[in-house]
$ cat input24.txt   # compact mmCIF, C-alpha atoms
# COMPACT_ATOMS: atom_id res chain seq x y z
CA MET W 1 74.42 115.82 -116.32
CA GLU W 2 74.49 118.07 -119.33
CA LEU W 3 71.45 117.98 -121.56
CA LYS W 4 72.12 116.51 -124.98
CA PRO W 5 70.71 118.20 -128.04
CA CYS W 6 68.18 115.86 -129.53
CA VAL W 7 65.75 115.81 -132.46
CA ASN W 8 62.69 113.59 -132.46
CA ILE W 9 61.95 111.97 -135.79
CA ARG W 10 58.22 111.72 -136.44
CA GLN W 11 57.78 112.93 -139.99
CA GLU W 12 59.89 113.38 -143.07
CA TRP W 13 60.68 117.02 -142.39
CA ASP W 14 62.22 116.16 -139.02
CA ILE W 15 65.10 114.66 -141.00
CA VAL W 16 65.90 118.16 -142.22
CA GLY W 17 65.72 119.46 -138.63
CA ALA W 18 68.16 116.79 -137.41
CA ARG W 19 70.50 117.50 -140.27
CA GLN W 20 70.52 121.22 -139.66
CA LEU W 21 71.18 120.83 -135.95
CA GLY W 22 73.99 118.39 -136.68
CA ARG W 23 75.57 120.70 -139.23
CA GLU W 24 75.39 123.56 -136.74
CA LYS W 25 77.15 121.48 -134.07
CA ALA W 26 79.76 120.37 -136.59
CA LYS W 27 80.41 123.98 -137.55
CA GLU W 28 80.80 124.96 -133.89
CA LEU W 29 83.35 122.20 -133.42
CA GLY W 30 85.41 123.47 -136.31
CA PHE W 31 84.85 120.76 -138.91
CA GLY W 32 85.73 121.70 -142.49
CA THR W 33 83.09 121.95 -145.21
CA VAL W 34 83.75 118.45 -146.53
CA ASP W 35 83.40 116.88 -143.08
CA GLN W 36 80.32 119.00 -142.43
CA ALA W 37 78.78 117.58 -145.59
CA ARG W 38 79.79 114.06 -144.52
CA ILE W 39 78.22 114.50 -141.10
CA ALA W 40 75.05 116.03 -142.52
CA THR W 41 74.74 113.19 -145.01
CA ALA W 42 75.31 110.55 -142.33
CA ILE W 43 72.62 112.14 -140.12
CA SER W 44 70.32 112.25 -143.11
CA GLU W 45 70.80 108.52 -143.72
CA LEU W 46 70.31 107.55 -140.07
CA ALA W 47 67.26 109.78 -139.61
CA ARG W 48 65.74 108.51 -142.84
CA ASN W 49 66.21 104.93 -141.72
CA ILE W 50 64.31 105.73 -138.54
CA TYR W 51 61.54 107.40 -140.54
CA LEU W 52 61.33 104.61 -143.12
CA TYR W 53 61.67 101.50 -140.97
CA ALA W 54 60.77 102.38 -137.39
CA GLY W 55 58.36 105.29 -137.92
CA THR W 56 59.51 107.25 -134.91
CA GLY W 57 62.73 107.64 -132.99
CA LYS W 58 65.31 110.22 -132.12
CA VAL W 59 68.73 111.49 -133.11
CA GLU W 60 70.99 112.70 -130.31
CA PHE W 61 74.17 114.71 -130.54
CA GLU W 62 77.04 114.74 -128.14
CA ILE W 63 80.20 116.80 -128.30
CA ILE W 64 83.17 114.73 -127.20
CA ASP W 65 86.01 116.77 -125.76
CA GLN W 66 88.90 114.59 -124.71
CA PHE W 67 92.36 115.88 -123.85
CA ASP W 68 93.85 114.86 -127.16
CA ARG W 69 90.93 115.09 -129.55
CA LYS W 70 87.46 116.47 -130.15
CA GLY W 71 84.60 114.96 -132.02
CA LEU W 72 80.87 114.79 -132.64
CA LYS W 73 78.95 111.72 -131.61
CA ILE W 74 75.61 110.95 -133.23
CA VAL W 75 73.26 108.46 -131.63
CA ALA W 76 70.23 107.38 -133.63
CA ALA W 77 67.82 105.30 -131.58
CA ASP W 78 64.39 103.86 -132.26
CA GLU W 79 62.06 101.26 -130.88
CA GLY W 80 61.08 99.83 -134.21
CA PRO W 81 61.10 96.25 -135.47
CA GLY W 82 64.89 95.97 -135.29
CA ILE W 83 67.21 94.53 -137.89
CA ARG W 84 67.07 90.79 -138.46
CA ASP W 85 70.58 90.33 -139.72
CA VAL W 86 72.99 93.17 -139.04
CA GLY W 87 75.67 91.59 -141.25
CA GLU W 88 73.29 91.68 -144.18
CA VAL W 89 72.38 95.38 -143.96
CA MET W 90 76.04 96.32 -143.74
CA GLN W 91 76.58 94.91 -147.23
CA ASP W 92 76.50 97.35 -150.11
CA GLY W 93 73.46 97.05 -152.28
CA TYR W 94 71.21 95.37 -149.72
CA SER W 95 67.86 97.09 -149.34
CA THR W 96 64.40 96.00 -148.32
CA SER W 97 62.71 99.20 -149.50
CA GLY W 98 63.90 99.33 -153.10
CA GLY W 99 66.53 101.95 -152.31
CA LEU W 100 70.17 101.92 -153.28
CA GLY W 101 71.22 99.93 -150.23
CA ALA W 102 74.15 102.22 -149.61
CA GLY W 103 72.82 103.83 -146.44
CA LEU W 104 74.36 102.06 -143.46
CA PRO W 105 77.61 100.92 -145.07
CA GLY W 106 77.82 104.47 -146.46
CA VAL W 107 77.45 105.98 -143.00
CA LYS W 108 80.19 103.71 -141.76
CA ARG W 109 82.50 105.02 -144.48
CA LEU W 110 81.50 108.65 -143.88
CA MET W 111 82.24 108.51 -140.14
CA ASP W 112 85.29 107.44 -138.12
CA TYR W 113 83.57 105.19 -135.61
CA PHE W 114 80.42 103.17 -136.18
CA ASP W 115 78.56 100.82 -133.91
CA ILE W 116 75.18 99.21 -134.36
CA ARG W 117 73.11 97.31 -131.84
CA SER W 118 69.80 95.85 -132.80
CA GLU W 119 67.41 93.48 -131.11
CA ASN W 120 64.78 91.82 -133.21
CA GLY W 121 61.50 93.43 -132.19
CA GLU W 122 63.02 95.86 -129.72
CA GLY W 123 64.61 98.53 -131.80
CA THR W 124 67.93 99.70 -133.08
CA GLU W 125 70.62 102.00 -131.75
CA ILE W 126 73.39 103.29 -133.94
CA GLU W 127 76.35 105.25 -132.63
CA ALA W 128 78.70 107.09 -134.94
CA ILE W 129 81.58 109.45 -134.22
CA LYS W 130 83.53 111.83 -136.41
CA TRP W 131 86.78 113.27 -135.01
CA VAL W 132 87.97 116.77 -135.79
CA ARG W 133 91.21 116.58 -137.72
CA MET N 28 19.92 131.53 -108.60
CA SER N 29 22.11 131.75 -111.66
CA SER N 30 20.77 135.21 -112.39
CA ARG N 31 21.98 136.15 -108.91
CA ILE N 32 25.50 135.14 -109.95
CA ASN N 33 25.07 137.24 -113.07
CA THR N 34 24.01 140.20 -111.02
CA ILE N 35 26.97 139.83 -108.70
CA MET N 36 29.28 139.83 -111.70
CA MET N 37 27.69 142.81 -113.38
CA GLU N 38 27.39 144.95 -110.29
CA ASN N 39 30.95 144.32 -109.26
CA SER N 40 32.53 144.40 -112.68
CA ASP N 41 34.82 147.26 -111.65
CA VAL N 42 36.36 145.27 -108.79
CA ILE N 43 36.73 142.16 -110.94
CA ILE N 44 38.30 144.10 -113.76
CA LYS N 45 40.69 145.73 -111.29
CA ASN N 46 41.70 142.37 -109.80
CA TRP N 47 42.12 140.85 -113.24
CA LEU N 48 44.25 143.72 -114.54
CA GLU N 49 46.49 143.47 -111.48
CA ILE N 50 47.11 139.76 -111.89
CA VAL N 51 47.66 139.97 -115.63
CA SER N 52 50.13 142.85 -115.24
CA GLU N 53 51.92 140.95 -112.49
CA LYS N 54 52.15 137.82 -114.67
CA ARG N 55 53.48 139.80 -117.57
CA LYS N 56 56.84 140.34 -115.89
CA ASN N 57 58.09 136.86 -116.71
CA ASP N 58 56.66 136.09 -120.08
CA TYR N 59 56.23 136.39 -123.79
CA THR N 60 54.86 139.87 -124.31
CA SER N 61 58.04 141.69 -123.30
CA SER N 62 58.51 143.14 -126.78
CA ILE N 63 55.13 144.87 -126.60
CA SER N 64 55.07 148.40 -125.19
CA GLU N 65 53.52 148.92 -121.75
CA GLU N 66 50.97 151.36 -123.11
CA LEU N 67 49.72 149.02 -125.80
CA PHE N 68 49.67 146.13 -123.35
CA GLN N 69 47.50 148.06 -120.84
CA SER N 70 45.07 149.32 -123.47
CA THR N 71 44.74 145.83 -124.95
CA ASN N 72 44.13 144.41 -121.48
CA ARG N 73 41.37 146.92 -120.88
CA GLU N 74 39.80 146.22 -124.25
CA PHE N 75 40.10 142.47 -123.69
CA VAL N 76 38.31 142.55 -120.34
CA ASN N 77 35.60 144.80 -121.75
CA VAL N 78 35.06 142.35 -124.58
CA ILE N 79 34.75 139.54 -122.03
CA PHE N 80 32.16 141.44 -120.02
CA LYS N 81 30.22 142.41 -123.09
CA SER N 82 29.86 138.79 -124.08
CA LEU N 83 28.81 137.92 -120.50
CA ASP N 84 26.22 140.64 -120.67
CA GLN N 85 24.75 139.37 -123.91
CA GLU N 86 25.15 135.71 -122.93
CA GLY N 87 26.95 134.75 -126.10
CA LEU N 88 29.63 135.54 -128.60
CA THR N 89 29.56 139.09 -129.82
CA LYS N 90 30.68 141.03 -132.82
CA GLU N 91 33.19 142.81 -130.59
CA LEU N 92 34.85 139.53 -129.65
CA GLU N 93 35.17 138.60 -133.29
CA ASP N 94 36.69 141.95 -134.23
CA PHE N 95 39.01 141.81 -131.24
CA SER N 96 40.30 138.32 -131.98
CA GLU N 97 40.71 139.08 -135.65
CA ARG N 98 42.79 142.14 -134.86
CA LEU N 99 45.03 140.26 -132.41
CA VAL N 100 45.56 137.46 -134.93
CA ASN N 101 46.63 140.01 -137.53
CA LEU N 102 48.94 141.74 -135.06
CA GLY N 103 50.47 138.37 -134.24
CA TRP N 104 49.79 138.46 -130.50
CA PRO N 105 50.63 135.19 -128.80
CA LEU N 106 47.65 132.93 -128.31
CA SER N 107 48.89 132.15 -124.80
CA TYR N 108 48.20 135.76 -123.83
CA LEU N 109 44.51 135.24 -124.53
CA THR N 110 44.21 131.78 -122.99
CA ASP N 111 46.18 132.84 -119.89
CA GLY N 112 44.04 135.95 -119.65
CA LEU N 113 40.84 133.92 -119.76
CA GLN N 114 42.10 131.39 -117.21
CA THR N 115 42.97 134.28 -114.92
CA PHE N 116 39.50 135.69 -115.50
CA ARG N 117 37.94 132.38 -114.52
CA ARG N 118 40.00 132.32 -111.31
CA VAL N 119 39.18 135.93 -110.43
CA ALA N 120 35.47 135.56 -111.13
CA ILE N 121 35.13 132.37 -109.05
CA ASP N 122 37.09 133.84 -106.15
CA PHE N 123 35.00 136.96 -106.16
CA ILE N 124 31.62 135.26 -106.32
CA LEU N 125 32.64 132.87 -103.54
CA SER N 126 33.71 135.78 -101.34
CA GLN N 127 30.23 137.32 -101.83
CA GLY N 128 28.27 134.21 -100.94
CA GLU N 129 27.00 133.84 -97.38
CA GLN N 130 26.50 130.13 -97.27
CA ILE N 131 28.86 127.95 -99.29
CA ASP N 132 27.80 124.37 -99.87
CA THR N 133 29.01 122.06 -102.59
CA ASP N 134 25.88 122.54 -104.65
CA TYR N 135 26.33 126.30 -104.77
CA PHE N 136 30.00 125.87 -105.52
CA SER N 137 29.50 123.56 -108.49
CA ARG N 138 26.80 125.88 -109.80
CA ILE N 139 29.26 128.76 -109.77
CA LEU N 140 31.85 126.67 -111.57
CA ASP N 141 29.30 125.68 -114.21
CA LYS N 142 28.20 129.22 -114.70
CA VAL N 143 31.68 130.67 -115.01
CA ASP N 144 32.73 127.86 -117.36
CA SER N 145 29.77 128.60 -119.55
CA TRP N 146 31.03 132.15 -119.92
CA VAL N 147 34.70 131.47 -120.40
CA ASP N 148 34.80 128.26 -122.47
CA PRO N 149 32.96 129.50 -125.57
CA ILE N 150 35.28 132.49 -125.70
CA ILE N 151 38.38 130.29 -125.41
CA ASN N 152 37.06 127.96 -128.11
CA LYS N 153 36.30 130.85 -130.37
CA LEU N 154 39.75 132.36 -129.97
CA VAL N 155 41.62 129.09 -130.37
CA ASN N 156 39.64 128.31 -133.52
CA GLU N 157 40.32 131.74 -134.91
CA TYR N 158 44.05 131.38 -134.28
CA SER N 159 44.49 127.82 -135.55
CA GLY N 160 42.36 128.67 -138.58
CA SER N 161 44.66 131.51 -139.47
CA TRP N 162 47.75 129.31 -138.99
CA GLU N 163 46.35 126.55 -141.15
CA HIS N 164 45.55 129.09 -143.80
CA THR N 165 49.13 130.40 -143.75
CA VAL N 166 50.62 126.91 -143.88
CA SER N 167 48.47 125.86 -146.82
CA LEU N 168 49.35 129.05 -148.72
CA GLN N 169 53.04 128.42 -148.11
CA ARG N 170 52.71 124.82 -149.21
CA VAL N 171 51.20 125.94 -152.49
CA ALA N 172 53.92 128.58 -152.91
CA LEU N 173 56.60 125.99 -152.21
CA GLN N 174 55.09 123.54 -154.66
CA GLU N 175 55.22 126.15 -157.39
CA LEU N 176 58.92 126.65 -156.70
CA SER N 177 59.83 123.03 -156.25
CA ALA N 178 60.61 121.73 -159.74
CA PRO N 179 60.81 124.44 -162.39
CA LEU N 180 61.84 123.58 -165.90
CA ILE N 181 63.45 126.20 -168.13
CA PRO N 182 63.75 125.67 -171.89
CA VAL N 183 66.91 127.73 -172.54
CA MET N 184 67.25 127.02 -176.22
CA ARG N 185 66.14 124.54 -178.83
CA ASP N 186 66.75 120.96 -177.64
CA ILE N 187 68.20 122.03 -174.27
CA THR N 188 66.26 122.40 -171.01
CA ILE N 189 67.48 123.12 -167.51
CA MET N 190 65.96 122.14 -164.14
CA PRO N 191 67.59 124.07 -161.31
CA LEU N 192 66.99 122.46 -157.91
CA ILE N 193 67.32 124.46 -154.71
CA GLY N 194 66.79 123.18 -151.18
CA THR N 195 65.90 119.89 -149.60
CA ILE N 196 64.42 117.12 -151.71
CA ASP N 197 61.81 114.98 -149.97
CA THR N 198 59.75 112.13 -151.36
CA GLU N 199 56.90 114.34 -152.55
CA ARG N 200 59.23 116.74 -154.28
CA ALA N 201 61.18 113.89 -155.87
CA LYS N 202 57.94 112.68 -157.49
CA LEU N 203 57.21 116.17 -158.77
CA ILE N 204 60.73 116.47 -160.19
CA MET N 205 60.31 113.24 -162.13
CA GLU N 206 56.90 114.23 -163.51
CA ASN N 207 57.93 117.75 -164.51
CA LEU N 208 61.13 116.47 -166.04
CA LEU N 209 59.37 113.93 -168.27
CA ASP N 210 56.50 116.26 -169.18
CA GLY N 211 58.98 118.99 -169.99
CA VAL N 212 61.17 116.82 -172.18
CA ILE N 213 58.15 115.82 -174.26
CA LYS N 214 56.60 119.26 -174.36
CA HIS N 215 59.76 121.19 -175.28
CA ASN N 216 61.01 118.37 -177.44
CA ALA N 217 64.32 118.46 -175.58
CA GLU N 218 67.28 116.31 -176.41
CA VAL N 219 69.33 117.22 -173.36
CA VAL N 220 68.14 118.02 -169.85
CA LEU N 221 70.48 119.58 -167.31
CA ILE N 222 69.66 118.96 -163.64
CA ASP N 223 71.46 121.55 -161.55
CA ILE N 224 71.95 120.56 -157.91
CA THR N 225 74.13 123.50 -156.85
CA GLY N 226 71.46 124.52 -154.35
CA VAL N 227 70.81 121.10 -152.85
CA PRO N 228 72.47 121.06 -149.41
CA VAL N 229 72.83 117.31 -148.91
CA VAL N 230 72.87 114.46 -151.40
CA ASP N 231 72.16 111.27 -149.47
CA THR N 232 71.27 107.88 -150.88
CA MET N 233 67.59 108.76 -151.20
CA VAL N 234 68.23 111.96 -153.19
CA ALA N 235 70.79 110.14 -155.34
CA HIS N 236 68.36 107.30 -155.88
CA HIS N 237 65.65 109.69 -157.09
CA ILE N 238 68.07 111.50 -159.39
CA ILE N 239 69.27 108.21 -160.86
CA GLN N 240 65.68 107.10 -161.44
CA ALA N 241 64.79 110.43 -163.06
CA ALA N 242 67.83 110.24 -165.34
CA GLU N 243 66.97 106.66 -166.28
CA ALA N 244 63.40 107.66 -167.11
CA VAL N 245 64.65 110.55 -169.23
CA ARG N 246 66.93 108.14 -171.06
CA LEU N 247 63.97 105.85 -171.76
CA ILE N 248 62.11 108.58 -173.62
CA GLY N 249 65.14 109.24 -175.74
CA ALA N 250 66.80 112.24 -174.15
CA THR N 251 70.05 112.64 -172.26
CA CYS N 252 70.28 113.83 -168.69
CA ILE N 253 73.35 115.69 -167.42
CA LEU N 254 73.80 116.23 -163.70
CA VAL N 255 75.54 119.53 -163.03
CA GLY N 256 76.51 121.64 -160.01
CA ILE N 257 78.22 118.89 -158.03
CA ARG N 258 80.26 120.67 -155.39
CA PRO N 259 83.56 119.10 -154.27
CA GLU N 260 82.22 118.12 -150.82
CA ILE N 261 79.14 116.56 -152.39
CA ALA N 262 81.35 114.62 -154.79
CA GLN N 263 83.31 113.24 -151.81
CA THR N 264 80.23 112.19 -149.88
CA ILE N 265 78.79 110.50 -152.96
CA VAL N 266 82.02 108.52 -153.34
CA ASN N 267 82.02 107.66 -149.59
CA LEU N 268 78.46 106.46 -149.82
CA GLY N 269 79.47 104.28 -152.74
CA ILE N 270 76.81 105.60 -155.10
CA ASP N 271 77.37 104.86 -158.77
CA LEU N 272 76.50 107.85 -160.94
CA GLY N 273 78.42 106.45 -163.89
CA LYS N 274 75.38 105.88 -166.09
CA PHE N 275 75.03 109.51 -167.16
CA PRO N 276 77.40 112.44 -167.62
CA THR N 277 78.05 114.72 -164.65
CA LYS N 278 79.74 118.13 -164.56
CA SER N 279 80.90 120.44 -161.79
CA SER N 280 79.18 123.57 -163.07
CA LEU N 281 76.19 124.56 -165.14
CA ARG N 282 78.51 126.26 -167.65
CA LYS N 283 80.44 123.07 -168.33
CA GLY N 284 77.24 121.10 -168.51
CA PHE N 285 75.81 123.53 -171.01
CA GLU N 286 78.89 123.26 -173.21
CA LYS N 287 78.55 119.48 -173.07
CA ALA N 288 74.88 119.79 -174.00
CA LEU N 289 75.77 121.91 -177.00
CA GLU N 290 78.34 119.34 -178.01
CA LEU N 291 75.76 116.57 -177.77
CA THR N 292 73.42 118.54 -180.04
CA ASP N 293 76.23 119.28 -182.53
CA ARG N 294 76.65 122.94 -181.73
CA GLU N 295 79.27 125.16 -180.13
CA ILE N 296 79.74 128.67 -178.84
CA VAL N 297 81.56 130.87 -181.32
CA ARG N 298 82.80 134.38 -180.70
CA HIS N 299 82.25 136.77 -183.58
CA GLU N 300 85.36 138.72 -184.44
CA ASP N 301 83.67 140.60 -187.32
CA ARG N 302 82.90 143.80 -185.53
CA ASN N 303 86.42 144.22 -184.15
CA GLN N 304 87.77 143.42 -187.57
CA MET N 305 85.58 146.11 -189.12
CA ILE N 306 86.79 148.77 -186.68
CA GLU N 307 90.37 147.74 -187.32
CA ASP N 308 89.81 148.04 -191.04
CA ILE N 309 88.41 151.53 -190.64
CA MET N 310 91.32 152.55 -188.41
CA GLU N 311 93.74 151.21 -190.94
CA SER N 312 92.13 153.01 -193.81
CA LEU N 313 92.09 156.22 -191.79
CA GLU N 314 95.77 155.87 -191.04
CA LYS N 315 96.56 155.48 -194.72
CA GLU N 316 94.95 158.76 -195.63
$ encode --input "input24.txt" --output "structure tokens"
Amino acid sequence: MELKPCVNIRQEWDIVGARQLGREKAKELGFGTVDQARIATAISELARNIYLYAGTGKVEFEIIDQFDRKGLKIVAADEGPGIRDVGEVMQDGYSTSGGLGAGLPGVKRLMDYFDIRSENGEGTEIEAIKWVR
Amino acid sequence: MSSRINTIMMENSDVIIKNWLEIVSEKRKNDYTSSISEELFQSTNREFVNVIFKSLDQEGLTKELEDFSERLVNLGWPLSYLTDGLQTFRRVAIDFILSQGEQIDTDYFSRILDKVDSWVDPIINKLVNEYSGSWEHTVSLQRVALQELSAPLIPVMRDITIMPLIGTIDTERAKLIMENLLDGVIKHNAEVVLIDITGVPVVDTMVAHHIIQAAEAVRLIGATCILVGIRPEIAQTIVNLGIDLGKFPTKSSLRKGFEKALELTDREIVRHEDRNQMIEDIMESLEKE
């Protein structure tokens, strides 16, 4: 199996590392500047969520190369407290940390595919894909 | 007993040095020092092993060791070269002493290990401390340098101040931006503050949140905040994220923001035509003559 590029999130500056790696991959895949900014922003949100709510975790990147389309998959996984009500956090303006509450719904709008799995007390895994147009 | 081990080491230093140099040169083939010239590598090896023996001889850390480590730190030699070298030395020394001993029982063996450890470990500790100390020093200097750059405030003219932001904004920096912004507005008695984010690579919800808070705080002390330098791709991501920046004016470039700031302070940029007019007058009068 091919090794996936991965960034461990342990401190605030790791968010920058994840973002830069993601932007690099997006550039390699041929995304335009606007999509690069979207991807970088989405990674930033996901990595910050890990840092803020779970403490530690990782962000993985996977290049999807199917016969009809190419894309970048981002997987953000942590073993933190999990999300109590996934429906609630996907609403705009919901935040437990005094932020804007635009993070997760924002990521969903920035990317083409978005999937979230969270077990209370066992962590969260978020998968997001952006296709090259 | 232990002095016998010392004697073995000292009397056979040539053989040990030879063995050590061989192993270290052999190891070099697949590692980090490939950018260093062969000549320099060999001379450093020789110096290194001499420094080790000198400190064995004097049973403690020497001035030579200190000078040597300081020089390598300044040259930027990899720390792993030194730690590998010392591990190799430990191996070589133990092998050699064991090969000299007639009877080998466990007691003798552990004594040799103790003895050799007591030579090698202080040197390793010393070197590692020296290296990490120098790294910490560099990091702290850079942190200070970065802090100085992180939130500058430029009073461009009466009532108008600009804060250009370049690079990533983290929580610590966001705090500094807010403080400098408010201090600056009071100190320079500014009516309008322009925050330029041309150099900020990514505006996510946290960065936006901090900017909104800063703008709100500026509004509370009676000034206006204009956000400038919003690149098209940043504008799109902000819209996608659903962030509302409608509470204060935003502009695409610093120039447009500055014009807006002038407008807010009842001023405008006027081009003086006088000088051209004067030359034209002179030309005209010359033509008449």
$ closest_atom_pairs --input "input24.txt" --of "chain N" --to "chain W" --cutoff "12 Å" --atoms "all atoms listed in the file" --output "CSV"
residue,atom,partner,partner_atom,distance
N:Gly194,CA,W:Val16,CA,10.3
N:Thr195,CA,W:Val16,CA,7.6
N:Ile196,CA,W:Val16,CA,9.7
N:Asp197,CA,W:Glu12,CA,7.3
N:Thr198,CA,W:Glu12,CA,8.4
N:Glu199,CA,W:Glu12,CA,10.0
N:Arg200,CA,W:Glu12,CA,11.7
N:Val227,CA,W:Ala37,CA,11.3
N:Pro228,CA,W:Ala37,CA,8.2
N:Val229,CA,W:Thr41,CA,6.0
N:Val230,CA,W:Thr41,CA,6.8
N:Asp231,CA,W:Thr41,CA,5.5
N:Thr232,CA,W:Gly103,CA,6.2
N:Met233,CA,W:Gly99,CA,7.0
N:Val234,CA,W:Gly99,CA,10.2
N:Ala235,CA,W:Leu100,CA,8.5
N:His236,CA,W:Leu100,CA,6.2
N:His237,CA,W:Gly99,CA,9.1
N:Ile238,CA,W:Leu100,CA,11.6
N:Ile239,CA,W:Leu100,CA,9.9
N:Gln240,CA,W:Gly99,CA,10.5
N:Arg258,CA,W:Val34,CA,9.8
N:Pro259,CA,W:Val34,CA,7.8
N:Glu260,CA,W:Val34,CA,4.6
N:Ile261,CA,W:Ala37,CA,6.9
N:Ala262,CA,W:Val34,CA,9.4
N:Gln263,CA,W:Val34,CA,7.4
N:Thr264,CA,W:Arg38,CA,5.7
N:Ile265,CA,W:Gly106,CA,8.9
N:Val266,CA,W:Gly106,CA,9.0
N:Asn267,CA,W:Arg109,CA,5.8
N:Leu268,CA,W:Gly106,CA,4.0
N:Gly269,CA,W:Gly106,CA,6.5
N:Ile270,CA,W:Ala102,CA,7.0
N:Asp271,CA,W:Leu100,CA,9.5
N:Leu272,CA,W:Leu100,CA,11.6
$ atom_distance --input "input24.txt" --atom1 "atom CA of Arg185 of chain N" --atom2 "atom CA of Ser279 of chain N"
22.9 Å
$ closest_residue --input "input24.txt" --among "W:Gly121, W:Gly71, W:Gly22, W:Gly80" --to "Gly57 of chain W" --atoms "only C-alpha atoms"
W:Gly80
$ atom_distance --input "input24.txt" --atom1 "atom CA of Cys6 of chain W" --atom2 "atom CA of Val59 of chain W"
5.7 Å
$ atom_distance --input "input24.txt" --atom1 "atom CA of Asn72 of chain N" --atom2 "atom CA of Ile150 of chain N"
15.4 Å
$ residues_around --input "input24.txt" --residues "Pro149 of chain N" --least-positions-apart "2" --cutoff "12 Å" --atoms "all atoms listed in the file" --output "PDB file with C-alpha atoms, keeping the file's coordinate frame"
ATOM      1  CA  ILE N  79      34.750 139.540-122.030  1.00  0.00           C
ATOM      2  CA  SER N  82      29.860 138.790-124.080  1.00  0.00           C
ATOM      3  CA  LEU N  83      28.810 137.920-120.500  1.00  0.00           C
ATOM      4  CA  GLU N  86      25.150 135.710-122.930  1.00  0.00           C
ATOM      5  CA  GLY N  87      26.950 134.750-126.100  1.00  0.00           C
ATOM      6  CA  LEU N  88      29.630 135.540-128.600  1.00  0.00           C
ATOM      7  CA  THR N  89      29.560 139.090-129.820  1.00  0.00           C
ATOM      8  CA  LEU N  92      34.850 139.530-129.650  1.00  0.00           C
ATOM      9  CA  THR N 110      44.210 131.780-122.990  1.00  0.00           C
ATOM     10  CA  LEU N 113      40.840 133.920-119.760  1.00  0.00           C
ATOM     11  CA  LYS N 142      28.200 129.220-114.700  1.00  0.00           C
ATOM     12  CA  VAL N 143      31.680 130.670-115.010  1.00  0.00           C
ATOM     13  CA  ASP N 144      32.730 127.860-117.360  1.00  0.00           C
ATOM     14  CA  SER N 145      29.770 128.600-119.550  1.00  0.00           C
ATOM     15  CA  TRP N 146      31.030 132.150-119.920  1.00  0.00           C
ATOM     16  CA  VAL N 147      34.700 131.470-120.400  1.00  0.00           C
ATOM     17  CA  ILE N 151      38.380 130.290-125.410  1.00  0.00           C
ATOM     18  CA  ASN N 152      37.060 127.960-128.110  1.00  0.00           C
ATOM     19  CA  LYS N 153      36.300 130.850-130.370  1.00  0.00           C
ATOM     20  CA  LEU N 154      39.750 132.360-129.970  1.00  0.00           C
ATOM     21  CA  VAL N 155      41.620 129.090-130.370  1.00  0.00           C
ATOM     22  CA  ASN N 156      39.640 128.310-133.520  1.00  0.00           C
TER      23      ASN N 156
END
$ axis_aligned_box --input "input24.txt" --around "segment 263-273 of chain N" --padding-each-side "8 Å" --output "JSON"
{"center_x": 79.9, "center_y": 108.8, "center_z": -156.7, "size_x": 22.8, "size_y": 25.0, "size_z": 30.3}
$ residues_around --input "input24.txt" --residues "Ala288 of chain N" --least-positions-apart "3" --cutoff "10 Å" --atoms "all atoms listed in the file" --output "list of chain:residue names"
N:Asp186, N:Ile187, N:Thr188, N:Glu218, N:Val219, N:Val220, N:Leu221, N:Thr251, N:Cys252, N:Ile253, N:Arg282, N:Lys283, N:Gly284, N:Phe285, N:Leu291, N:Thr292, N:Asp293, N:Arg294, N:Glu295
$ residues_around --input "input24.txt" --residues "Ser161 of chain N" --least-positions-apart "2" --cutoff "12 Å" --atoms "all atoms listed in the file" --output "list in words"
Ser96, Glu97, Arg98, Leu99, Val100, Asn101, Leu102, Gly103, Leu106, Leu154, Val155, Asn156, Glu157, Tyr158, Ser159, Glu163, His164, Thr165, Val166, Ser167 and Leu168 of chain N
$ residues_near_point --input "input24.txt" --point "(35.5, 143.5, -111.1)" --cutoff "9 Å" --atoms "all atoms listed in the file" --output "PyMOL selection string"
chain N and resi 36-47+119-120+123
$ residues_around --input "input24.txt" --residues "Ile63 of chain W" --least-positions-apart "6" --cutoff "10 Å" --atoms "all atoms listed in the file" --output "PyMOL selection string"
chain W and resi 4-5+25-26+28-29+70-74+129
$ closest_residue --input "input24.txt" --among "W:Ala47, W:Ile9, W:Ala18, W:Ile64" --to "Val132 of chain W" --atoms "only C-alpha atoms"
W:Ile64
